[in-house]
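The next block is structure_16.txt, given as compact mmCIF, C-alpha atoms.
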# COMPACT_ATOMS: atom_id res chain seq x y z
CA MET A 1 -27.98 -29.02 29.56
CA ALA A 2 -24.73 -27.67 30.95
CA PRO A 3 -24.81 -23.90 31.49
CA THR A 4 -22.68 -21.85 29.10
CA ASN A 5 -20.50 -20.65 31.96
CA ARG A 6 -19.19 -24.21 32.43
CA ILE A 7 -16.62 -23.67 29.70
CA ILE A 8 -15.42 -20.53 31.51
CA GLU A 9 -15.22 -22.47 34.77
CA LEU A 10 -13.18 -25.21 33.11
CA SER A 11 -10.83 -22.76 31.44
CA SER A 12 -10.27 -21.08 34.82
CA ILE A 13 -9.40 -24.43 36.40
CA ILE A 14 -6.94 -25.14 33.60
CA ALA A 15 -5.27 -21.73 33.92
CA ARG A 16 -5.11 -21.83 37.72
CA GLU A 17 -3.81 -25.38 38.11
CA THR A 18 -1.39 -25.09 35.20
CA ALA A 19 0.14 -22.06 36.92
CA VAL A 20 0.56 -24.15 40.09
CA ILE A 21 2.41 -26.83 38.14
CA ASN A 22 4.55 -24.33 36.27
CA ASP A 23 5.53 -22.50 39.48
CA PHE A 24 6.55 -25.81 41.04
CA LEU A 25 8.69 -26.82 38.06
CA VAL A 26 10.35 -23.42 37.81
CA SER A 27 11.04 -23.10 41.55
CA ASN A 28 12.56 -26.58 41.63
CA LYS A 29 14.55 -26.02 38.41
CA LEU A 30 12.79 -28.95 36.76
CA PRO A 31 12.29 -29.19 32.97
CA GLY A 32 8.93 -28.16 31.60
CA PRO A 33 6.73 -30.50 29.56
CA SER A 34 7.76 -30.95 25.95
CA LEU A 35 7.16 -33.30 23.03
CA ASP A 36 10.56 -32.68 21.43
CA TRP A 37 12.77 -35.73 20.96
CA ASP A 38 15.02 -34.92 23.94
CA ALA A 39 12.17 -34.22 26.38
CA THR A 40 11.97 -35.85 29.79
CA PRO A 41 9.92 -39.05 29.26
CA THR A 42 7.71 -38.41 32.29
CA ILE A 43 6.55 -35.23 33.98
CA PRO A 44 9.07 -34.79 36.84
CA ILE A 45 6.64 -34.59 39.76
CA PRO A 46 7.91 -36.38 42.90
CA ASP A 47 5.60 -38.92 44.55
CA ASP A 48 5.37 -36.84 47.73
CA ALA A 49 4.22 -33.71 45.83
CA THR A 50 0.58 -34.73 46.17
CA ASP A 51 -0.76 -31.22 45.60
CA ILE A 52 1.10 -30.95 42.29
CA LYS A 53 -0.09 -34.38 41.20
CA ALA A 54 -3.65 -33.33 42.07
CA ALA A 55 -3.21 -30.15 40.02
CA ARG A 56 -2.02 -32.19 37.04
CA SER A 57 -5.06 -34.48 37.27
CA ALA A 58 -7.34 -31.44 37.53
CA VAL A 59 -5.86 -29.90 34.37
CA ILE A 60 -6.16 -33.11 32.38
CA GLU A 61 -9.71 -33.74 33.59
CA ALA A 62 -10.86 -30.18 32.91
CA SER A 63 -9.16 -30.17 29.49
CA THR A 64 -10.87 -33.42 28.56
CA GLU A 65 -14.30 -32.10 29.51
CA LEU A 66 -13.70 -28.74 27.83
CA LYS A 67 -12.68 -30.47 24.61
CA ALA A 68 -15.83 -32.62 24.73
CA LEU A 69 -18.10 -29.63 25.35
CA LEU A 70 -16.58 -27.59 22.53
CA THR A 71 -16.60 -30.58 20.18
CA GLY A 72 -20.32 -31.14 20.73
CA PRO A 73 -22.42 -34.32 21.01
CA ARG A 74 -22.88 -35.00 17.31
CA GLU A 75 -19.19 -34.70 16.48
CA LEU A 76 -18.28 -36.78 19.54
CA LEU A 77 -20.24 -39.63 17.95
CA ARG A 78 -17.91 -39.64 14.98
CA PHE A 79 -15.54 -42.28 16.31
CA GLN A 80 -12.31 -42.55 14.38
CA TRP A 81 -11.73 -46.27 13.86
CA THR A 82 -8.61 -45.32 11.90
CA ASP A 83 -6.91 -43.70 14.90
CA PHE A 84 -4.32 -46.40 15.48
CA VAL A 85 -3.70 -47.73 11.99
CA SER A 86 -0.71 -45.44 11.47
CA VAL A 87 0.83 -46.39 14.82
CA LYS A 88 0.58 -50.06 13.90
CA ALA A 89 2.23 -49.36 10.56
CA VAL A 90 5.04 -47.35 12.18
CA LEU A 91 5.82 -50.30 14.45
CA ARG A 92 5.32 -53.01 11.82
CA PHE A 93 7.76 -51.37 9.40
CA ASP A 94 10.16 -50.00 12.05
CA LEU A 95 9.78 -46.43 10.83
CA ASP A 96 10.73 -45.16 14.28
CA LYS A 97 14.08 -46.91 13.88
CA SER A 98 14.73 -45.70 10.35
CA PHE A 99 16.96 -42.79 11.39
CA PRO A 100 19.02 -41.75 14.47
CA LEU A 101 17.43 -39.76 17.27
CA LYS A 102 19.36 -36.54 16.74
CA GLU A 103 19.07 -36.52 12.96
CA SER A 104 16.36 -35.83 10.40
CA THR A 105 15.17 -37.85 7.44
CA SER A 106 12.89 -37.68 4.42
CA PHE A 107 9.92 -39.69 3.25
CA GLU A 108 12.09 -41.08 0.47
CA ALA A 109 14.75 -42.29 2.92
CA MET A 110 12.09 -43.89 5.12
CA SER A 111 10.70 -45.54 1.99
CA ARG A 112 14.07 -47.08 1.14
CA PHE A 113 14.47 -48.31 4.72
CA SER A 114 11.02 -49.87 5.01
CA GLY A 115 10.31 -51.05 1.48
CA LEU A 116 7.07 -49.06 1.43
CA SER A 117 6.36 -46.54 -1.28
CA ALA A 118 7.24 -42.94 -0.44
CA ARG A 119 3.57 -42.03 -0.88
CA ASN A 120 2.44 -44.59 1.70
CA VAL A 121 5.20 -43.57 4.10
CA ARG A 122 4.08 -39.95 3.81
CA ARG A 123 0.46 -40.90 4.52
CA VAL A 124 1.35 -43.06 7.51
CA VAL A 125 3.80 -40.61 9.07
CA ARG A 126 1.56 -37.56 8.66
CA HIS A 127 -1.42 -39.45 10.08
CA ALA A 128 0.73 -40.44 13.08
CA ILE A 129 1.92 -36.85 13.53
CA ILE A 130 -1.59 -35.42 13.46
CA ASN A 131 -3.23 -38.03 15.68
CA HIS A 132 -0.50 -39.19 18.06
CA TYR A 133 2.44 -36.75 18.08
CA PHE A 134 4.58 -39.43 16.44
CA PHE A 135 7.49 -37.67 14.67
CA GLN A 136 7.61 -33.97 13.80
CA GLU A 137 7.53 -32.20 10.43
CA ASN A 138 8.49 -28.63 11.23
CA THR A 139 9.89 -28.21 7.71
CA PRO A 140 7.78 -29.72 4.91
CA GLY A 141 9.17 -33.10 3.91
CA ILE A 142 11.80 -33.15 6.68
CA ILE A 143 10.99 -35.58 9.50
CA THR A 144 12.52 -35.56 12.97
CA HIS A 145 11.74 -37.59 16.04
CA SER A 146 9.25 -36.47 18.66
CA ALA A 147 9.48 -37.47 22.31
CA LEU A 148 7.17 -40.43 21.61
CA THR A 149 9.09 -41.93 18.72
CA ALA A 150 12.36 -41.28 20.55
CA ILE A 151 11.09 -43.46 23.39
CA LEU A 152 9.95 -46.20 21.02
CA ALA A 153 13.25 -46.19 19.13
CA SER A 154 15.32 -46.50 22.31
CA ASP A 155 13.13 -48.49 24.73
CA GLU A 156 12.45 -52.00 23.45
CA VAL A 157 10.21 -52.92 26.39
CA MET A 158 7.93 -49.93 25.79
CA ARG A 159 7.96 -50.53 22.04
CA ASN A 160 7.06 -54.19 22.51
CA SER A 161 4.28 -53.20 24.91
CA LEU A 162 2.62 -51.05 22.26
CA ARG A 163 3.02 -53.80 19.66
CA VAL A 164 1.29 -56.33 21.90
CA GLU A 165 -1.55 -53.90 22.57
CA LEU A 166 -2.10 -53.35 18.85
CA ASP A 167 -1.24 -56.80 17.44
CA GLU A 168 -2.83 -58.99 20.12
CA PHE A 169 -5.37 -57.06 22.19
CA TRP A 170 -6.79 -54.66 19.62
CA PRO A 171 -7.89 -57.40 17.15
CA ALA A 172 -9.45 -59.31 20.05
CA GLY A 173 -11.28 -56.18 21.18
CA VAL A 174 -12.71 -55.69 17.70
CA LYS A 175 -14.22 -59.19 17.99
CA MET A 176 -15.64 -58.57 21.47
CA ALA A 177 -19.26 -58.07 20.41
CA ASP A 178 -19.10 -61.11 18.10
CA ALA A 179 -17.84 -63.27 20.96
CA MET A 180 -20.51 -61.92 23.31
CA GLU A 181 -23.18 -62.82 20.78
CA ARG A 182 -21.78 -66.28 20.07
CA TRP A 183 -20.96 -67.33 23.66
CA PRO A 184 -23.03 -65.08 25.96
CA ASN A 185 -22.53 -67.08 29.16
CA SER A 186 -19.35 -69.03 28.52
CA GLU A 187 -16.61 -69.60 31.09
CA GLU A 188 -14.27 -71.34 28.66
CA SER A 189 -10.96 -69.75 27.72
CA ASN A 190 -11.46 -70.38 24.00
CA GLU A 191 -14.81 -68.57 24.13
CA THR A 192 -13.22 -65.55 25.63
CA VAL A 193 -15.95 -63.31 26.87
CA ARG A 194 -15.87 -63.03 30.64
CA PHE A 195 -17.24 -60.44 33.01
CA PHE A 196 -16.25 -59.79 36.59
CA ASP A 197 -18.31 -57.79 39.08
CA LEU A 198 -15.62 -55.49 40.41
CA ASP A 199 -18.09 -53.26 42.19
CA ALA A 200 -21.85 -53.55 42.60
CA ARG A 201 -22.22 -49.91 41.60
CA VAL A 202 -20.38 -50.28 38.32
CA GLU A 203 -21.37 -51.93 35.09
CA ARG A 204 -19.63 -55.25 34.81
CA ARG A 205 -16.28 -54.77 33.17
CA LEU A 206 -15.24 -56.86 30.19
CA ILE A 207 -11.84 -58.37 30.88
CA SER A 208 -11.08 -60.85 28.12
CA GLN A 209 -12.38 -60.43 24.62
CA GLY A 210 -12.69 -62.24 21.31
CA PHE A 211 -9.15 -63.60 21.16
CA ALA A 212 -10.15 -66.95 19.69
CA LEU A 213 -12.29 -65.32 17.01
CA ALA A 214 -9.58 -62.81 16.14
CA ASN A 215 -7.14 -65.68 15.66
CA ASN A 216 -9.61 -67.91 13.79
CA SER A 217 -8.95 -70.60 16.37
CA ASN A 218 -10.82 -72.80 18.81
CA LYS A 219 -8.00 -72.43 21.35
CA GLY A 220 -7.63 -70.03 24.25
CA MET A 221 -5.11 -67.20 24.30
CA PHE A 222 -2.36 -69.01 26.18
CA ASP A 223 -2.74 -72.19 24.12
CA ILE A 224 -2.34 -70.07 21.00
CA PHE A 225 0.84 -68.58 22.44
CA VAL A 226 2.23 -72.06 23.17
CA ASP A 227 2.01 -72.76 19.44
CA ASN A 228 3.64 -69.42 18.58
CA PRO A 229 6.90 -68.96 20.53
CA GLU A 230 7.68 -65.58 18.98
CA ARG A 231 4.31 -64.16 20.01
CA ALA A 232 4.69 -65.78 23.43
CA ALA A 233 8.06 -64.07 23.86
CA ARG A 234 6.56 -60.68 23.00
CA PHE A 235 3.70 -61.30 25.42
CA GLY A 236 6.18 -62.23 28.16
CA LEU A 237 8.20 -59.08 27.54
CA TYR A 238 4.95 -57.10 27.74
CA PHE A 239 4.87 -57.80 31.47
CA SER A 240 8.41 -56.51 31.86
CA LYS A 241 7.30 -52.94 31.19
CA PRO A 242 7.67 -50.43 34.06
CA ASP A 243 5.00 -51.03 36.68
CA GLN A 244 3.60 -48.08 38.60
CA THR A 245 2.50 -50.42 41.40
CA ALA A 246 5.90 -52.06 41.94
CA ASP A 247 7.13 -49.65 44.61
CA GLY A 248 3.91 -50.03 46.56
CA LEU A 249 4.27 -53.80 46.47
CA LEU A 250 7.82 -53.61 47.78
CA ASP A 251 7.03 -51.02 50.44
CA ASP A 252 3.68 -52.24 51.73
CA TYR A 253 4.15 -55.99 52.11
CA PRO A 254 6.41 -57.44 54.87
CA TRP A 255 8.91 -59.15 52.59
CA ALA A 256 11.79 -58.50 54.99
CA GLY A 257 10.70 -61.25 57.37
CA LEU A 258 10.30 -63.89 54.66
CA ASN A 259 12.66 -66.28 52.92
CA THR A 260 10.96 -67.62 49.80
CA MET A 261 8.35 -66.50 47.28
CA VAL A 262 6.93 -68.05 44.13
CA ASP A 263 5.75 -65.68 41.42
CA VAL A 264 3.11 -67.82 39.71
CA GLY A 265 2.67 -66.77 36.10
CA GLY A 266 5.52 -64.33 36.67
CA SER A 267 6.55 -63.90 33.03
CA HIS A 268 10.16 -62.65 32.76
CA GLY A 269 10.42 -62.10 36.50
CA SER A 270 10.31 -58.31 36.79
CA VAL A 271 8.52 -58.48 40.16
CA ALA A 272 10.78 -61.20 41.54
CA ILE A 273 13.85 -59.27 40.41
CA GLY A 274 12.62 -56.14 42.18
CA ILE A 275 12.00 -58.08 45.38
CA ALA A 276 15.37 -59.84 45.20
CA GLU A 277 17.22 -56.57 44.67
CA ARG A 278 15.51 -54.97 47.66
CA PHE A 279 15.72 -58.03 49.95
CA PRO A 280 18.97 -59.96 49.39
CA ASN A 281 17.94 -62.83 51.68
CA MET A 282 14.81 -63.61 49.67
CA LYS A 283 14.80 -66.57 47.29
CA CYS A 284 12.39 -66.11 44.39
CA VAL A 285 11.06 -68.69 41.94
CA VAL A 286 9.36 -67.46 38.76
CA GLN A 287 6.92 -69.91 37.16
CA ASP A 288 5.42 -69.60 33.69
CA LEU A 289 5.26 -71.25 30.26
CA PRO A 290 8.50 -72.95 29.10
CA ASP A 291 9.42 -70.42 26.41
CA THR A 292 8.58 -67.52 28.70
CA VAL A 293 10.76 -68.65 31.59
CA ALA A 294 13.59 -69.53 29.21
CA GLU A 295 13.53 -65.96 27.92
CA GLY A 296 13.32 -64.61 31.47
CA ALA A 297 16.29 -66.68 32.59
CA SER A 298 18.35 -65.38 29.68
CA ARG A 299 17.62 -61.80 30.79
CA LEU A 300 18.33 -62.33 34.50
CA PRO A 301 21.11 -60.05 35.82
CA ALA A 302 24.19 -62.07 36.73
CA ALA A 303 24.18 -60.66 40.26
CA LEU A 304 20.85 -62.39 40.95
CA HIS A 305 21.81 -65.88 39.79
CA GLY A 306 21.22 -68.19 42.72
CA GLN A 307 18.67 -65.84 44.25
CA VAL A 308 16.10 -65.78 41.43
CA SER A 309 15.33 -68.95 39.47
CA PHE A 310 12.92 -69.79 36.67
CA MET A 311 10.73 -72.87 36.42
CA ALA A 312 8.33 -74.07 33.74
CA HIS A 313 4.99 -74.71 35.41
CA ASP A 314 1.32 -75.00 34.49
CA PHE A 315 -0.59 -73.34 37.32
CA PHE A 316 -3.50 -75.73 36.82
CA THR A 317 -1.25 -78.59 37.93
CA GLU A 318 -0.04 -79.44 41.42
CA GLN A 319 2.34 -76.91 42.94
CA THR A 320 5.64 -78.53 43.91
CA VAL A 321 7.52 -75.61 45.48
CA SER A 322 7.10 -74.88 49.18
CA ALA A 323 7.29 -71.15 49.91
CA ASP A 324 6.33 -68.39 52.33
CA VAL A 325 4.37 -66.49 49.67
CA TYR A 326 2.67 -67.41 46.40
CA TYR A 327 2.23 -64.27 44.37
CA PHE A 328 -0.27 -63.86 41.51
CA LYS A 329 -0.13 -60.67 39.50
CA SER A 330 -2.75 -60.04 36.79
CA ILE A 331 -3.63 -63.72 36.59
CA PHE A 332 -7.18 -64.19 37.80
CA HIS A 333 -8.81 -61.56 35.61
CA ASN A 334 -7.96 -63.79 32.63
CA TRP A 335 -9.94 -66.76 33.93
CA ALA A 336 -13.54 -67.56 34.82
CA ASP A 337 -14.34 -68.30 38.45
CA LYS A 338 -14.22 -72.08 38.12
CA TYR A 339 -10.69 -71.87 36.72
CA CYS A 340 -9.58 -69.37 39.37
CA ILE A 341 -10.71 -71.89 41.98
CA LYS A 342 -8.73 -74.63 40.24
CA ILE A 343 -5.59 -72.46 40.16
CA LEU A 344 -5.85 -71.85 43.90
CA GLN A 345 -6.63 -75.48 44.68
CA SER A 346 -3.47 -76.55 42.87
CA LEU A 347 -1.46 -74.80 45.59
CA VAL A 348 -2.86 -76.95 48.39
CA PRO A 349 -0.32 -79.81 48.24
CA ALA A 350 2.57 -77.37 48.76
CA LEU A 351 0.94 -74.98 51.24
CA ARG A 352 2.47 -74.73 54.68
CA PRO A 353 0.20 -73.65 57.56
CA ASP A 354 1.77 -70.18 57.62
CA ALA A 355 2.03 -69.66 53.85
CA LYS A 356 0.36 -66.64 52.29
CA ILE A 357 -1.27 -66.12 48.89
CA VAL A 358 -0.92 -62.58 47.55
CA ILE A 359 -3.28 -61.65 44.71
CA HIS A 360 -2.35 -58.47 42.86
CA GLU A 361 -5.16 -57.29 40.57
CA ARG A 362 -6.56 -53.99 39.40
CA ILE A 363 -9.90 -53.40 41.10
CA LEU A 364 -12.19 -50.65 39.88
CA PRO A 365 -13.97 -48.80 42.71
CA GLY A 366 -17.16 -46.86 42.25
CA LEU A 367 -16.83 -44.26 39.51
CA GLU A 368 -18.11 -41.58 41.86
CA SER A 369 -14.89 -41.94 43.87
CA LEU A 370 -12.60 -41.47 40.85
CA ASN A 371 -11.82 -38.48 38.69
CA THR A 372 -11.93 -38.92 34.93
CA VAL A 373 -8.17 -39.37 34.63
CA ASP A 374 -7.96 -42.16 37.21
CA ALA A 375 -11.11 -43.85 35.92
CA ARG A 376 -9.70 -44.09 32.40
CA ARG A 377 -6.39 -45.39 33.76
CA ALA A 378 -8.22 -48.01 35.84
CA MET A 379 -10.15 -49.25 32.82

Translate the structure described by the file into structure tokens.
Amino acid sequence: MAPTNRIIELSSIIARETAVINDFLVSNKLPGPSLDWDATPTIPIPDDATDIKAARSAVIEASTELKALLTGPRELLRFQWTDFVSVKAVLRFDLDKSFPLKESTSFEAMSRFSGLSARNVRRVVRHAIINHYFFQENTPGIITHSALTAILASDEVMRNSLRVELDEFWPAGVKMADAMERWPNSEESNETVRFFDLDARVERRLISQGFALANNSNKGMFDIFVDNPERAARFGLYFSKPDQTADGLLDDYPWAGLNTMVDVGGSHGSVAIGIAERFPNMKCVVQDLPDTVAEGASRLPAALHGQVSFMAHDFFTEQTVSADVYYFKSIFHNWADKYCIKILQSLVPALRPDAKIVIHERILPGLESLNTVDARRAM
């Protein structure tokens, strides 16, 4: 059992490291953290302020452990399966868009906007306030935006990202155990339970889940999207969300000496666009499903026409574009080994002797080398 002085130790860490962060923000005249509607969307800590970033991680990690200790084991076992139902309802009925950012509204007005009863709106909104800091109700019955709903109402990419997580991935996750039981050793995409050994010291991590079961289909995820263009478009936009790894990709790979790259399975081309903007001499081809690349082409900035192009391509078929680099981001974790091999083999006809294949995946190191914050982010 943990000694009783552990909670004192954790509270000391929180107080000490929070003071470090606060002093940094004050001395640099940076805004403090807030959940009000006009708050800065991210904590303004520069990338080179590694000590401040470490302090932030320490506070979050200590706070998480302190909350768990003071909650207690029995109460920790009371998982709240209802946690995200209100968020899904907010997005489904556009409640975050039902009134302007700087204004307030009422449950009755949100009811008229959404078509839901005022009683159900009140239940959904208050559940979202309590569990997720969605909206604020500082005066009973008067609703204003919080920082979170302000972001959702004004950032369509972020809003779409949350919708995909809840509408596509969450139902599949609920079916995970069913799929594991039904197809325990399958490598087929329509029997979507696949494990990858990311580290010998870590339990094998489940990557794809019961998508076929959740959709009452015998097809794999991408085949289902082919039959549902609207869902495919949302899924494509999902990969246009801000990527914390993008700067590292641009800075740490020698793009400057290259002329052409193919982003295989590149969705709407966010990576290719970033590369093209940084390296004007680089020609980029984005390959994906027909509806996805059509949407990506329609969103391409005019200044990049002629430098970035979009091409419908099935990466299981022969590659026809000759390039310096073939880039795969978040592709292989969706496929069993035999299909990953097939994807790579399809490149062979187009490969030049000096061509490179860049695989960009999230790899989970041993948990002993990560703090709690980074481990949860990696999962």

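For the residues A:Tyr253, A:Phe24, A:Leu237, A:Lys88, ranking by smallest atom-to-atom distance to Pro171 in chain A using all atoms listed in the file places A:Lys88 first.
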
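Of the listed residues (A:Asn281, A:Thr292, A:Ser270, A:Thr317), A:Thr292 comes nearest to Phe225 in chain A; the distances count only C-alpha atoms.
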
Original post:
If you measure from CA of Trp81 in chain A to CA of His132 in chain A, what distance in Å do you get, rounded to one decimal?
Top reply: 13.9 Å

Around range 83-100 of chain A, with edges along x, y and z and 6 Å added on all six sides, what centre and edge lengths do you get, in Å to one decimal, as JSON?
{"center_x": 6.1, "center_y": -47.4, "center_z": 12.4, "size_x": 37.9, "size_y": 23.3, "size_z": 18.1}

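Going from CA of Gly269 in chain A to CA of Val286 in chain A covers 5.9 Å.
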
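Straight-line separation from CA of Leu347 in chain A to CA of Phe328 in chain A: 11.7 Å.
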
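With all atoms listed in the file as the atoms that count, the residue of A:Ser154, A:Ser146, A:Ser27, A:Ser86 with the shortest distance to Val124 in chain A is A:Ser86.
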
Original post:
Which neighbours of Glu230 in chain A fall inside 12 Å, counting only C-alpha atoms, when residues of the same chain fewer than 5 positions from it are skipped, and could you give them as number ranges by chain?
Top reply: A: 160, 164, 224-225, 235-237, 291-292, 295

Can you complete the atoms of range 246-268 of chain A to N, CA and C atoms and list them as a compact mmCIF listing (two decimals), keeping the file's coordinate frame?
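The result, stored in result.txt:
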# COMPACT_ATOMS: atom_id res chain seq x y z
N ALA A 246 4.81 -51.25 41.40
CA ALA A 246 5.90 -52.06 41.94
C ALA A 246 6.41 -51.53 43.26
N ASP A 247 6.61 -50.21 43.36
CA ASP A 247 7.13 -49.65 44.61
C ASP A 247 6.18 -49.89 45.76
N GLY A 248 4.88 -49.77 45.51
CA GLY A 248 3.91 -50.03 46.56
C GLY A 248 3.97 -51.47 47.03
N LEU A 249 4.16 -52.39 46.10
CA LEU A 249 4.27 -53.80 46.47
C LEU A 249 5.48 -54.02 47.36
N LEU A 250 6.60 -53.42 47.01
CA LEU A 250 7.82 -53.61 47.78
C LEU A 250 7.73 -52.94 49.15
N ASP A 251 7.07 -51.79 49.20
CA ASP A 251 7.03 -51.02 50.44
C ASP A 251 5.96 -51.50 51.41
N ASP A 252 4.86 -52.02 50.89
CA ASP A 252 3.68 -52.24 51.73
C ASP A 252 3.46 -53.68 52.15
N TYR A 253 4.29 -54.60 51.67
CA TYR A 253 4.15 -55.99 52.11
C TYR A 253 5.40 -56.38 52.89
N PRO A 254 5.26 -57.15 53.98
CA PRO A 254 6.41 -57.44 54.87
C PRO A 254 7.35 -58.50 54.31
N TRP A 255 7.99 -58.20 53.19
CA TRP A 255 8.91 -59.15 52.59
C TRP A 255 10.14 -59.41 53.47
N ALA A 256 10.53 -58.41 54.25
CA ALA A 256 11.79 -58.50 54.99
C ALA A 256 11.84 -59.69 55.93
N GLY A 257 10.70 -60.13 56.44
CA GLY A 257 10.70 -61.25 57.37
C GLY A 257 10.51 -62.60 56.72
N LEU A 258 10.57 -62.65 55.39
CA LEU A 258 10.30 -63.89 54.66
C LEU A 258 11.55 -64.40 53.96
N ASN A 259 11.50 -65.67 53.55
CA ASN A 259 12.66 -66.28 52.92
C ASN A 259 12.44 -66.69 51.47
N THR A 260 11.21 -67.11 51.14
CA THR A 260 10.96 -67.62 49.80
C THR A 260 9.63 -67.11 49.25
N MET A 261 9.60 -66.85 47.95
CA MET A 261 8.35 -66.50 47.28
C MET A 261 8.33 -67.16 45.91
N VAL A 262 7.13 -67.52 45.48
CA VAL A 262 6.93 -68.05 44.13
C VAL A 262 6.03 -67.07 43.39
N ASP A 263 6.53 -66.57 42.27
CA ASP A 263 5.75 -65.68 41.42
C ASP A 263 5.09 -66.55 40.36
N VAL A 264 3.83 -66.88 40.58
CA VAL A 264 3.11 -67.82 39.71
C VAL A 264 2.60 -67.06 38.49
N GLY A 265 3.00 -67.52 37.31
CA GLY A 265 2.67 -66.77 36.10
C GLY A 265 3.46 -65.48 36.03
N GLY A 266 4.71 -65.53 36.48
CA GLY A 266 5.52 -64.33 36.67
C GLY A 266 6.25 -63.81 35.45
N SER A 267 5.98 -64.39 34.28
CA SER A 267 6.55 -63.90 33.03
C SER A 267 8.08 -63.89 33.09
N HIS A 268 8.70 -62.74 32.79
CA HIS A 268 10.16 -62.65 32.76
C HIS A 268 10.75 -62.29 34.12
